[in-house]
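*Asks:* Input structure: start_16.csv, which contains CSV, C-alpha atoms and all ligand atoms.
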```
chain,number,residue,atom,x,y,z
T,1,MET,CA,4.4,15.5,16.3
T,2,ILE,CA,4.7,13.0,13.4
T,3,THR,CA,5.7,14.8,10.2
T,4,LYS,CA,7.8,12.3,8.2
T,5,ALA,CA,6.8,9.3,6.2
T,6,ILE,CA,9.0,6.6,4.6
T,7,ILE,CA,7.8,5.0,1.3
T,8,PRO,CA,9.9,2.1,0.3
T,9,ALA,CA,9.7,2.0,-3.5
T,10,GLY,CA,13.0,0.2,-4.4
T,11,GLY,CA,11.5,-3.2,-5.2
T,12,LEU,CA,11.8,-4.8,-8.6
T,13,GLY,CA,8.1,-5.4,-9.0
T,14,THR,CA,8.6,-9.0,-10.2
T,15,ARG,CA,4.9,-9.8,-9.7
T,16,PHE,CA,4.1,-7.3,-12.5
T,17,LEU,CA,6.7,-8.2,-15.1
T,18,PRO,CA,7.2,-7.4,-17.9
T,19,ALA,CA,5.3,-4.1,-17.3
T,20,THR,CA,7.7,-3.2,-14.5
T,21,LYS,CA,10.9,-3.9,-16.5
T,22,THR,CA,11.1,-0.1,-17.2
T,23,THR,CA,8.0,1.4,-15.4
T,24,PRO,CA,8.1,1.3,-11.6
T,25,LYS,CA,5.1,-0.5,-10.2
T,26,GLU,CA,4.4,2.5,-8.1
T,27,MET,CA,3.8,4.5,-11.3
T,28,LEU,CA,1.1,2.1,-12.7
T,29,PRO,CA,-2.2,4.0,-13.0
T,30,LEU,CA,-5.2,3.8,-10.9
T,31,LEU,CA,-7.7,5.7,-13.0
T,32,GLU,CA,-5.7,8.8,-14.1
T,33,LYS,CA,-3.2,8.9,-11.2
T,34,PRO,CA,-0.2,6.7,-10.5
T,35,ALA,CA,-0.6,4.4,-7.5
T,36,ILE,CA,2.1,6.3,-5.4
T,37,GLN,CA,0.1,9.5,-5.7
T,38,TYR,CA,-2.7,8.0,-3.6
T,39,ILE,CA,-0.2,7.1,-1.0
T,40,VAL,CA,1.2,10.7,-0.8
T,41,GLU,CA,-2.4,12.1,-0.8
T,42,GLU,CA,-3.2,9.8,2.2
T,43,GLY,CA,-0.1,11.1,3.9
T,44,LEU,CA,-1.0,14.8,3.3
T,45,LYS,CA,-4.6,14.1,4.5
T,46,SER,CA,-3.0,12.7,7.7
T,47,SER,CA,-0.9,15.9,8.0
T,48,LEU,CA,2.4,14.4,7.1
T,49,LYS,CA,4.7,16.8,5.3
T,50,THR,CA,7.9,15.1,4.3
T,51,PHE,CA,8.0,12.0,2.2
T,52,ILE,CA,11.2,9.9,2.2
T,53,VAL,CA,11.0,7.7,-0.9
T,54,ILE,CA,13.5,4.8,-1.0
T,55,THR,CA,14.2,4.1,-4.6
T,56,GLY,CA,16.4,2.0,-6.8
T,57,LYS,CA,17.3,1.4,-10.4
T,58,ASN,CA,14.7,2.6,-13.0
T,59,LYS,CA,12.7,4.6,-10.4
T,60,SER,CA,13.7,8.2,-11.4
T,61,VAL,CA,10.2,8.8,-13.0
T,62,ILE,CA,8.8,8.9,-9.4
T,63,GLU,CA,11.0,11.9,-8.8
T,64,ASP,CA,9.9,13.5,-12.0
T,65,HIS,CA,6.3,12.9,-11.2
T,66,PHE,CA,6.6,15.0,-8.0
T,67,ASP,CA,8.7,17.7,-9.6
T,68,PRO,CA,7.4,21.0,-11.0
T,69,TYR,CA,7.0,21.0,-14.8
T,70,PRO,CA,6.5,24.6,-15.8
T,71,GLU,CA,6.5,24.0,-19.6
T,72,LEU,CA,3.5,21.6,-19.2
T,73,ASP,CA,1.7,24.0,-16.8
T,74,ALA,CA,2.2,26.8,-19.4
T,75,HIS,CA,0.9,24.6,-22.2
T,76,LEU,CA,-2.2,23.6,-20.1
T,77,ALA,CA,-2.8,27.2,-19.1
T,78,LEU,CA,-2.8,28.2,-22.8
T,79,HIS,CA,-5.5,25.6,-23.4
T,80,LYS,CA,-7.4,26.3,-20.2
T,81,LYS,CA,-6.8,22.8,-18.9
T,82,GLU,CA,-4.8,23.6,-15.7
T,83,GLU,CA,-7.1,21.4,-13.6
T,84,LEU,CA,-5.4,18.3,-15.2
T,85,MET,CA,-2.3,18.9,-13.1
T,86,ASP,CA,-4.0,20.6,-10.0
T,87,GLY,CA,-3.7,17.5,-7.8
T,88,VAL,CA,0.0,16.9,-8.5
T,89,ASN,CA,0.9,20.6,-8.2
T,90,LYS,CA,-0.9,20.9,-4.9
T,91,ILE,CA,1.2,18.0,-3.6
T,92,ILE,CA,4.4,19.6,-4.9
T,93,HIS,CA,3.6,22.8,-3.0
T,94,ALA,CA,2.5,21.1,0.2
T,95,SER,CA,5.3,18.5,0.6
T,96,ASN,CA,9.0,17.9,0.8
T,97,PHE,CA,10.4,14.9,-1.0
T,98,ILE,CA,13.7,13.2,-0.1
T,99,TYR,CA,14.9,10.4,-2.3
T,100,LEU,CA,17.3,7.8,-1.1
T,101,ARG,CA,18.7,4.8,-3.0
T,102,GLN,CA,18.5,1.3,-1.6
T,103,LYS,CA,21.8,0.0,-2.9
T,104,GLU,CA,21.0,-3.7,-2.5
T,105,PRO,CA,17.7,-5.5,-2.5
T,106,LEU,CA,18.0,-6.9,1.1
T,107,GLY,CA,14.4,-6.6,2.0
T,108,LEU,CA,11.7,-4.3,3.4
T,109,GLY,CA,13.6,-3.8,6.8
T,110,HIS,CA,16.7,-2.9,4.9
T,111,ALA,CA,14.8,-0.3,2.8
T,112,ILE,CA,13.5,1.4,5.9
T,113,TRP,CA,16.9,1.3,7.5
T,114,CYS,CA,18.2,3.3,4.5
T,115,ALA,CA,16.3,6.3,5.9
T,116,ARG,CA,18.1,6.3,9.3
T,117,HIS,CA,20.1,9.4,8.7
T,118,VAL,CA,17.2,11.6,7.8
T,119,ILE,CA,15.0,10.7,10.8
T,120,GLY,CA,15.5,12.4,14.1
T,121,LYS,CA,14.0,11.4,17.4
T,122,GLU,CA,10.3,11.5,16.3
T,123,HIS,CA,8.0,8.6,15.4
T,124,ILE,CA,7.7,7.9,11.7
T,125,ALA,CA,4.9,6.8,9.4
T,126,VAL,CA,5.7,4.0,6.9
T,127,PHE,CA,3.6,3.4,3.8
T,128,LEU,CA,4.0,0.2,1.7
T,129,PRO,CA,2.9,1.6,-1.7
T,130,ASP,CA,1.5,-1.8,-3.0
T,131,ASP,CA,-1.3,-1.4,-0.4
T,132,ILE,CA,-3.9,1.0,-1.5
T,133,ILE,CA,-6.8,1.5,0.9
T,134,VAL,CA,-10.1,3.0,-0.4
T,135,ASN,CA,-13.5,3.7,1.1
T,136,SER,CA,-12.2,4.7,4.5
T,137,ASN,CA,-13.8,7.8,6.0
T,138,THR,CA,-10.7,9.0,7.7
T,139,PRO,CA,-7.3,8.3,6.1
T,140,CYS,CA,-5.9,5.0,7.4
T,141,MET,CA,-2.5,6.6,8.4
T,142,GLY,CA,-4.3,9.4,10.2
T,143,GLN,CA,-6.1,6.7,12.3
T,144,LEU,CA,-2.8,5.0,13.2
T,145,MET,CA,-1.1,8.3,14.0
T,146,GLN,CA,-3.8,9.3,16.5
T,147,ILE,CA,-3.3,6.1,18.4
T,148,ALA,CA,0.5,6.3,18.3
T,149,MET,CA,0.4,9.8,19.8
T,150,GLN,CA,-2.2,9.0,22.4
T,151,GLU,CA,-0.6,5.8,23.6
T,152,LYS,CA,3.1,6.7,22.8
T,153,CYS,CA,3.5,3.4,21.1
T,154,ASN,CA,4.1,1.7,17.7
T,155,VAL,CA,1.0,0.9,15.7
T,156,VAL,CA,0.6,-1.5,12.8
T,157,ALA,CA,-2.5,-1.6,10.6
T,158,VAL,CA,-4.1,-5.1,10.3
T,159,GLN,CA,-7.0,-6.8,8.6
T,160,GLU,CA,-8.4,-10.3,9.0
T,161,VAL,CA,-7.4,-12.6,6.2
T,162,PRO,CA,-8.4,-16.2,5.5
T,163,ILE,CA,-6.1,-18.4,7.6
T,164,GLU,CA,-4.7,-20.2,4.5
T,165,ASP,CA,-3.4,-16.8,3.3
T,166,VAL,CA,-1.4,-15.8,6.4
T,167,GLY,CA,1.9,-17.0,4.8
T,168,SER,CA,1.8,-13.9,2.6
T,169,TYR,CA,1.8,-11.5,5.5
T,170,GLY,CA,3.3,-10.4,8.8
T,171,VAL,CA,0.8,-11.7,11.5
T,172,VAL,CA,0.2,-10.4,15.0
T,173,GLY,CA,-0.7,-12.3,18.1
T,174,ILE,CA,-2.9,-10.4,20.6
T,175,ARG,CA,-2.2,-9.7,24.3
T,176,LYS,CA,-5.4,-7.6,24.9
T,177,GLN,CA,-8.3,-6.2,23.0
T,178,PHE,CA,-9.4,-2.6,23.9
T,179,SER,CA,-12.2,-2.1,21.4
T,180,PRO,CA,-13.5,-4.0,18.4
T,181,ASN,CA,-10.7,-2.6,16.3
T,182,LEU,CA,-7.8,-1.9,18.7
T,183,PHE,CA,-5.5,-4.5,20.1
T,184,GLN,CA,-2.3,-4.6,22.1
T,185,VAL,CA,0.2,-6.9,20.4
T,186,LYS,CA,1.9,-9.8,22.1
T,187,GLU,CA,4.1,-11.0,19.2
T,188,LEU,CA,4.6,-10.5,15.4
T,189,VAL,CA,5.5,-13.3,13.0
T,190,GLU,CA,6.5,-12.7,9.4
T,191,LYS,CA,4.9,-15.1,6.9
T,192,PRO,CA,4.0,-17.9,9.2
T,193,ARG,CA,2.6,-21.2,8.1
T,194,PRO,CA,-1.2,-21.3,9.0
T,195,ILE,CA,-0.5,-23.8,11.7
T,196,ASP,CA,2.1,-21.5,13.4
T,197,ALA,CA,0.1,-18.3,12.9
T,198,PRO,CA,-0.8,-16.6,16.2
T,199,SER,CA,-4.0,-15.2,14.6
T,200,ASN,CA,-5.5,-14.3,11.2
T,201,LEU,CA,-4.8,-10.6,11.7
T,202,ALA,CA,-2.4,-9.7,8.9
T,203,ILE,CA,-0.3,-6.6,8.8
T,204,ILE,CA,-1.3,-4.2,6.0
T,205,GLY,CA,1.2,-1.7,4.7
T,206,ARG,CA,0.7,1.1,7.2
T,207,TYR,CA,2.9,1.5,10.3
T,208,VAL,CA,3.8,4.2,12.8
T,209,LEU,CA,7.1,3.3,14.4
T,210,SER,CA,9.3,4.7,17.1
T,211,PRO,CA,12.8,5.9,15.9
T,212,ASN,CA,14.3,3.0,17.8
T,213,ILE,CA,13.3,0.9,14.9
T,214,PHE,CA,16.6,1.8,13.3
T,215,ASN,CA,18.6,0.3,16.1
T,216,ALA,CA,16.5,-2.8,16.0
T,217,LEU,CA,17.0,-3.1,12.2
T,218,GLU,CA,20.8,-2.5,12.6
T,219,GLU,CA,21.1,-5.5,14.9
T,220,LEU,CA,18.8,-7.8,13.0
T,221,ASN,CA,19.8,-10.9,11.1
T,222,ALA,CA,18.1,-11.9,7.8
T,223,GLY,CA,14.8,-13.6,8.4
T,224,VAL,CA,12.2,-15.2,6.1
T,225,ASN,CA,13.4,-15.4,2.5
T,226,GLY,CA,16.9,-14.4,3.6
T,227,GLU,CA,15.7,-10.7,3.9
T,228,ILE,CA,15.9,-8.2,6.6
T,229,GLN,CA,12.2,-8.1,7.8
T,230,LEU,CA,10.5,-5.1,9.2
T,231,THR,CA,8.2,-7.3,11.2
T,232,ASP,CA,11.2,-8.9,13.0
T,233,ALA,CA,12.4,-5.4,13.9
T,234,ILE,CA,9.0,-4.5,15.4
T,235,GLN,CA,9.1,-7.8,17.3
T,236,ALA,CA,12.5,-6.8,18.6
T,237,LEU,CA,11.1,-3.4,19.8
T,238,LEU,CA,8.3,-5.3,21.6
T,239,LEU,CA,10.9,-7.5,23.4
T,240,SER,CA,12.9,-4.4,24.4
T,241,GLY,CA,9.8,-3.2,26.3
T,242,GLU,CA,8.1,-0.9,23.7
T,243,LYS,CA,4.3,-1.1,23.3
T,244,VAL,CA,3.0,-2.2,19.9
T,245,PHE,CA,-0.7,-1.8,19.0
T,246,ALA,CA,-2.6,-3.2,16.1
T,247,TYR,CA,-5.5,-1.3,14.6
T,248,LYS,CA,-8.0,-3.1,12.4
T,249,ILE,CA,-8.4,-0.6,9.6
T,250,GLN,CA,-11.7,0.3,8.0
T,251,GLY,CA,-11.9,0.4,4.2
T,252,THR,CA,-11.0,-2.0,1.4
T,253,ARG,CA,-7.3,-2.8,0.8
T,254,TYR,CA,-6.0,-3.6,-2.6
T,255,ASP,CA,-2.6,-5.2,-3.4
T,256,VAL,CA,-1.9,-3.1,-6.5
T,257,GLY,CA,1.5,-4.8,-6.9
T,258,THR,CA,-0.3,-7.6,-8.8
T,259,PRO,CA,-2.3,-7.4,-12.1
T,260,LEU,CA,-5.5,-8.7,-10.5
T,261,GLY,CA,-5.2,-6.3,-7.5
T,262,LEU,CA,-4.6,-3.3,-9.8
T,263,LEU,CA,-7.6,-4.3,-11.9
T,264,LYS,CA,-9.9,-4.7,-8.9
T,265,ALA,CA,-8.8,-1.4,-7.5
T,266,ASN,CA,-9.4,0.3,-10.9
T,267,ILE,CA,-12.9,-1.1,-11.2
T,268,ASP,CA,-13.8,-0.2,-7.6
T,269,MET,CA,-12.4,3.3,-7.9
T,270,ALA,CA,-14.2,3.8,-11.2
T,271,LEU,CA,-17.5,2.8,-9.6
T,272,ARG,CA,-17.0,5.5,-6.9
T,273,HIS,CA,-15.9,8.2,-9.3
T,274,PRO,CA,-18.4,10.8,-10.5
T,275,LYS,CA,-17.1,10.7,-14.1
T,276,TYR,CA,-16.5,7.0,-14.5
T,277,ALA,CA,-19.2,5.4,-12.3
T,278,GLN,CA,-22.1,5.4,-14.9
T,279,PRO,CA,-20.0,4.3,-17.9
T,280,MET,CA,-18.3,1.6,-15.8
T,281,MET,CA,-21.7,0.3,-14.5
T,282,ASP,CA,-23.1,0.2,-18.1
T,283,TYR,CA,-20.0,-1.7,-19.2
T,284,LEU,CA,-20.2,-4.2,-16.4
T,285,ALA,CA,-23.9,-4.7,-17.1
T,286,SER,CA,-23.1,-5.4,-20.7
T,287,ILE,CA,-20.4,-7.9,-19.7
T,288,ASP,CA,-22.9,-9.5,-17.4
T,289,ARG,CA,-25.3,-9.9,-20.3
T,290,GLU,CA,-22.5,-11.4,-22.5
T,291,MET,CA,-21.6,-13.8,-19.6
T,292,ILE,CA,-25.2,-15.0,-19.3
T,293,VAL,CA,-25.3,-15.6,-23.1
T,294,MET,CA,-22.0,-17.4,-22.9
T,295,GLN,CA,-23.1,-19.5,-20.0
T,296,GLY,CA,-26.3,-20.3,-21.8
T,297,GLN,CA,-24.3,-21.4,-24.9
T,298,ALA,CA,-22.0,-23.5,-22.7
T,299,GLN,CA,-25.0,-25.2,-21.1
T,300,SER,CA,-26.6,-26.0,-24.4
T,301,LEU,CA,-23.3,-27.2,-25.7
T,302,SER,CA,-22.9,-29.5,-22.8
T,303,LYS,CA,-26.5,-30.8,-23.2
T,304,MET,CA,-25.7,-31.6,-26.9
T,305,LYS,CA,-22.5,-33.4,-25.9
T,306,HIS,CA,-24.3,-35.5,-23.4
T,307,SER,CA,-27.2,-36.4,-25.7
T,308,SER,CA,-24.8,-37.4,-28.5
T,309,GLY,CA,-22.6,-39.3,-26.0
T,310,VAL,CA,-19.4,-37.5,-26.9
T,311,MET,CA,-16.8,-37.5,-24.1
T,312,LEU,CA,-14.3,-34.6,-24.2
F,401,LIG,C1,5.3,-7.0,3.4
F,401,LIG,C2,5.6,-7.2,4.9
F,401,LIG,C3,4.4,-8.0,5.6
F,401,LIG,C4,3.1,-7.3,5.3
F,401,LIG,C5,2.9,-7.1,3.8
F,401,LIG,C6,1.6,-6.3,3.6
F,401,LIG,O1,5.4,-8.2,2.8
F,401,LIG,O2,6.8,-7.9,5.1
F,401,LIG,O3,4.7,-8.1,7.0
F,401,LIG,O4,2.1,-8.1,5.9
F,401,LIG,O5,4.0,-6.4,3.2
F,401,LIG,O6,1.4,-6.0,2.2
F,401,LIG,P1,5.6,-8.4,1.2
F,401,LIG,O7,4.2,-8.2,0.6
F,401,LIG,O8,6.5,-7.3,0.8
F,401,LIG,O9,6.1,-9.8,1.0
```
Have the structure of the file written as structure tokens, please.

*Replies:*
Amino acid sequence: MITKAIIPAGGLGTRFLPATKTTPKEMLPLLEKPAIQYIVEEGLKSSLKTFIVITGKNKSVIEDHFDPYPELDAHLALHKKEELMDGVNKIIHASNFIYLRQKEPLGLGHAIWCARHVIGKEHIAVFLPDDIIVNSNTPCMGQLMQIAMQEKCNVVAVQEVPIEDVGSYGVVGIRKQFSPNLFQVKELVEKPRPIDAPSNLAIIGRYVLSPNIFNALEELNAGVNGEIQLTDAIQALLLSGEKVFAYKIQGTRYDVGTPLGLLKANIDMALRHPKYAQPMMDYLASIDREMIVMQGQAQSLSKMKHSSGVML
């Protein structure tokens, strides 16, 4: 049985400054919910029950978000608006949260290692909260857990990325392909140069890992960027004889740790949401018309410049 998930949320969120100076990036909103709520919802849908959140400075609002707030509930009940908090309250009743502090920013691997004392001998799920996956019929983590339990192995989620982008990811090399989406992994390389990459299958922020990952992390030296890398620890598990599978996930993945990624995810989610789809489509269509007008103006401006011989 896999029941526990680790969510490393200690990072400084530098790609989103200054918004993240005081607001954790995990709390930035996707429609009306903070990003981390989608992660916990995916976990619950995958039948995980305990969420171990690795936090750091300025992250206590994450704890507040998943904490009961009886005064607010009473106020909403009075105004018959309880449904506004239904989603969060369901999560609070269905899950256990454990918060641990990452005392130093030594990398993703180090963040995961911080949970070593609260994990027993069972496999664990790991969610990177920057990666939000939408439009997948079954929750992404549920798909990985099924493979991990069947094959008694480690599983990482992957997606194909353009080869010039592999340097932003952990990348897997393939030993064997079992089906269009399932592979046995031969090697894992963190942030390779395109020329050194074993493939263009990039690790996306969902993992199911054997508890031996903590020993592997314990013995690891700093890797790329001087950080303890989770990818290197999984490679160490592979070398110790454990099986690692890669599962090409269905659905669209957004990196909501960047302004553009969060914007794209918001637009995509709005277009799939019963309340926001129509107003968002109307708005996008109006932008489209404005763009056509602007492009038309730009074209006639450029014609005028050429005909008058002005060089800008
Ligand atoms: C981390 C992992 C990397 C993975 C990526 C997915 O990198 O180290 O292996 O591919 O997340 O989002 P980061 O984005 O923290 O640099």

*Asks:* Select, counting all atoms listed in the file, all protein, DNA and RNA residues no farther than 12 Å from (2.3, -9.3, -14.9) in file coordinates, and express the selection as an MDAnalysis selection string.

*Replies:* chainID T and resid 13:21 25 28 256:263

*Asks:* Show me which residues sit within 8 Å of ligand LIG 401 (chain F) when counting all atoms listed in the file, and put them as an mmCIF file with C-alpha atoms, in the coordinates of the input.

*Replies:*
```cif
data_model
loop_
_atom_site.group_PDB
_atom_site.id
_atom_site.type_symbol
_atom_site.label_atom_id
_atom_site.label_comp_id
_atom_site.auth_asym_id
_atom_site.auth_seq_id
_atom_site.Cartn_x
_atom_site.Cartn_y
_atom_site.Cartn_z
ATOM 1 C CA LEU T 108 11.700 -4.300 3.400
ATOM 2 C CA LEU T 128 4.000 0.200 1.700
ATOM 3 C CA ASP T 130 1.500 -1.800 -3.000
ATOM 4 C CA ASP T 131 -1.300 -1.400 -0.400
ATOM 5 C CA SER T 168 1.800 -13.900 2.600
ATOM 6 C CA TYR T 169 1.800 -11.500 5.500
ATOM 7 C CA GLY T 170 3.300 -10.400 8.800
ATOM 8 C CA VAL T 171 0.800 -11.700 11.500
ATOM 9 C CA VAL T 189 5.500 -13.300 13.000
ATOM 10 C CA GLU T 190 6.500 -12.700 9.400
ATOM 11 C CA LYS T 191 4.900 -15.100 6.900
ATOM 12 C CA ALA T 202 -2.400 -9.700 8.900
ATOM 13 C CA ILE T 203 -0.300 -6.600 8.800
ATOM 14 C CA ILE T 204 -1.300 -4.200 6.000
ATOM 15 C CA GLY T 205 1.200 -1.700 4.700
ATOM 16 C CA GLN T 229 12.200 -8.100 7.800
ATOM 17 C CA LEU T 230 10.500 -5.100 9.200
ATOM 18 C CA THR T 231 8.200 -7.300 11.200
ATOM 19 C CA ASP T 255 -2.600 -5.200 -3.400
#
```

*Asks:* Can you tell me how far CA of Leu44 (chain T) sits from CA of Leu78 (chain T), in Å to one decimal?

*Replies:*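 Answer for the CA of Leu44 (chain T) to CA of Leu78 (chain T) separation: 29.4 Å.
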
*Asks:* Name the closest residue to Ile249 (chain T) among the candidates T:Asp64, T:Glu122, T:Asp86, T:Glu160; distances are taken between atoms, counting only C-alpha atoms.

*Replies:* T:Glu160

*Asks:* Rounded to one decimal, what separation in Å do you get between CA of Lys45 (chain T) and CA of His93 (chain T)?

*Replies:*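 Pair CA of Lys45 (chain T) / CA of His93 (chain T) returns 14.1 Å.
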
*Asks:* Rank nothing, just name the residue among T:Gly241, T:Pro34, T:Gly173, T:Gly56 nearest to Glu104 (chain T), using all atoms listed in the file.

*Replies:*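 Closest to Glu104 (chain T), using all atoms listed in the file: T:Gly56.
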
*Asks:* Here is a test: counting only C-alpha atoms, which residue of T:Leu30, T:Ile92, T:Val126, T:Leu76 is nearest to Arg206 (chain T)?

*Replies:* T:Val126

*Asks:* Separation of CA of Asp288 (chain T) and CA of Ala265 (chain T), in Å?

*Replies:*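 Atom-to-atom, CA of Asp288 (chain T) to CA of Ala265 (chain T), that is 19.0 Å.
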
*Asks:* Measuring atom to atom with all atoms listed in the file, identify which of T:Tyr254, T:Phe245, T:Tyr69, T:Phe51 is nearest to Phe178 (chain T).

*Replies:*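 Distance minimum relative to Phe178 (chain T) lands on T:Phe245.
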
*Asks:* Give me, as a ChimeraX atom specification, all polymer residues having an atom no more than 12 Å from Gly10 (chain T), counting all atoms listed in the file and skipping those fewer than 4 positions away in the same chain.

*Replies:* /T:6,14,20,24-26,52-60,62,99-112,114,128-130

*Asks:* Using all atoms listed in the file, pick whichever of T:Val118, T:Ala277, T:Leu188, T:Val208 has the shortest atom-to-atom distance to Ala236 (chain T).

*Replies:*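 So, comparing all the options, the nearest one is T:Leu188.
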
*Asks:* Hey, which of T:Pro162, T:Pro8, T:Gly167, T:Pro211 ends up closest to Ala197 (chain T)? Count all atoms listed in the file.

*Replies:*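 The closest residue to Ala197 (chain T) is T:Gly167.
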
*Asks:* What are the centre and edge lengths in Å, to one decimal, of the axis-aligned box around all listed atoms of region 206-219 of chain T with 8 Å added on each side, as JSON?

*Replies:*
```
{"center_x": 10.9, "center_y": 0.2, "center_z": 12.5, "size_x": 36.4, "size_y": 27.4, "size_z": 26.6}
```

*Asks:* Step by step: start from the point (10.8, 12.2, 9.2) in the file's coordinates, keep every protein, DNA or RNA residue that has an atom no farther than 7 Å from it, count all atoms listed in the file, and write the set as an MDAnalysis selection string.

*Replies:* chainID T and resid 3:5 50 118:120 124

*Asks:* With C-alpha atoms retained, could you export that selection as a PDB file, in the coordinates of the input?

*Replies:*
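To be explicit, this is the file written out as part26.pdb:
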```
ATOM      1  CA  THR T   3       5.700  14.800  10.200  1.00  0.00           C
ATOM      2  CA  LYS T   4       7.800  12.300   8.200  1.00  0.00           C
ATOM      3  CA  ALA T   5       6.800   9.300   6.200  1.00  0.00           C
ATOM      4  CA  THR T  50       7.900  15.100   4.300  1.00  0.00           C
ATOM      5  CA  VAL T 118      17.200  11.600   7.800  1.00  0.00           C
ATOM      6  CA  ILE T 119      15.000  10.700  10.800  1.00  0.00           C
ATOM      7  CA  GLY T 120      15.500  12.400  14.100  1.00  0.00           C
ATOM      8  CA  ILE T 124       7.700   7.900  11.700  1.00  0.00           C
TER       9      ILE T 124
END
```

*Asks:* Any chance you could build region 11-17 of chain T out to all heavy atoms and write it as an mmCIF file, in the coordinates of the input?

*Replies:*
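Dumped everything to rebuild27.cif:
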```
data_model
loop_
_atom_site.group_PDB
_atom_site.id
_atom_site.type_symbol
_atom_site.label_atom_id
_atom_site.label_comp_id
_atom_site.auth_asym_id
_atom_site.auth_seq_id
_atom_site.Cartn_x
_atom_site.Cartn_y
_atom_site.Cartn_z
ATOM 1 N N GLY T 11 11.666 -1.829 -4.778
ATOM 2 C CA GLY T 11 11.500 -3.200 -5.200
ATOM 3 C C GLY T 11 11.478 -3.368 -6.736
ATOM 4 O O GLY T 11 11.189 -2.425 -7.470
ATOM 5 N N LEU T 12 11.748 -4.591 -7.193
ATOM 6 C CA LEU T 12 11.800 -4.800 -8.600
ATOM 7 C C LEU T 12 10.456 -5.027 -9.282
ATOM 8 O O LEU T 12 10.343 -4.998 -10.508
ATOM 9 C CB LEU T 12 12.668 -6.107 -8.886
ATOM 10 C CG LEU T 12 14.144 -6.009 -8.466
ATOM 11 C CD1 LEU T 12 14.826 -7.370 -8.604
ATOM 12 C CD2 LEU T 12 14.868 -4.967 -9.306
ATOM 13 N N GLY T 13 9.433 -5.250 -8.480
ATOM 14 C CA GLY T 13 8.100 -5.400 -9.000
ATOM 15 C C GLY T 13 7.947 -6.672 -9.877
ATOM 16 O O GLY T 13 7.281 -6.669 -10.914
ATOM 17 N N THR T 14 8.553 -7.764 -9.404
ATOM 18 C CA THR T 14 8.600 -9.000 -10.200
ATOM 19 C C THR T 14 7.173 -9.566 -10.464
ATOM 20 O O THR T 14 6.960 -10.257 -11.448
ATOM 21 C CB THR T 14 9.445 -10.079 -9.578
ATOM 22 O OG1 THR T 14 9.078 -10.176 -8.209
ATOM 23 C CG2 THR T 14 10.922 -9.740 -9.682
ATOM 24 N N ARG T 15 6.218 -9.253 -9.556
ATOM 25 C CA ARG T 15 4.900 -9.800 -9.700
ATOM 26 C C ARG T 15 4.136 -9.133 -10.882
ATOM 27 O O ARG T 15 3.055 -9.529 -11.259
ATOM 28 C CB ARG T 15 4.061 -9.663 -8.440
ATOM 29 C CG ARG T 15 4.633 -10.466 -7.279
ATOM 30 C CD ARG T 15 3.771 -10.350 -6.050
ATOM 31 N NE ARG T 15 3.634 -8.978 -5.588
ATOM 32 C CZ ARG T 15 2.762 -8.582 -4.669
ATOM 33 N NH1 ARG T 15 1.948 -9.451 -4.117
ATOM 34 N NH2 ARG T 15 2.700 -7.315 -4.301
ATOM 35 N N PHE T 16 4.769 -8.085 -11.437
ATOM 36 C CA PHE T 16 4.100 -7.300 -12.500
ATOM 37 C C PHE T 16 4.937 -7.250 -13.743
ATOM 38 O O PHE T 16 4.731 -6.375 -14.593
ATOM 39 C CB PHE T 16 3.773 -5.918 -11.990
ATOM 40 C CG PHE T 16 2.360 -5.492 -12.230
ATOM 41 C CD1 PHE T 16 1.559 -5.038 -11.202
ATOM 42 C CD2 PHE T 16 1.823 -5.555 -13.511
ATOM 43 C CE1 PHE T 16 0.251 -4.637 -11.426
ATOM 44 C CE2 PHE T 16 0.526 -5.160 -13.753
ATOM 45 C CZ PHE T 16 -0.265 -4.707 -12.706
ATOM 46 N N LEU T 17 5.913 -8.162 -13.873
ATOM 47 C CA LEU T 17 6.700 -8.200 -15.100
ATOM 48 C C LEU T 17 5.874 -8.675 -16.268
ATOM 49 O O LEU T 17 4.976 -9.483 -16.045
ATOM 50 C CB LEU T 17 7.945 -9.070 -14.909
ATOM 51 C CG LEU T 17 9.081 -8.432 -14.109
ATOM 52 C CD1 LEU T 17 10.117 -9.479 -13.724
ATOM 53 C CD2 LEU T 17 9.731 -7.291 -14.892
#
```
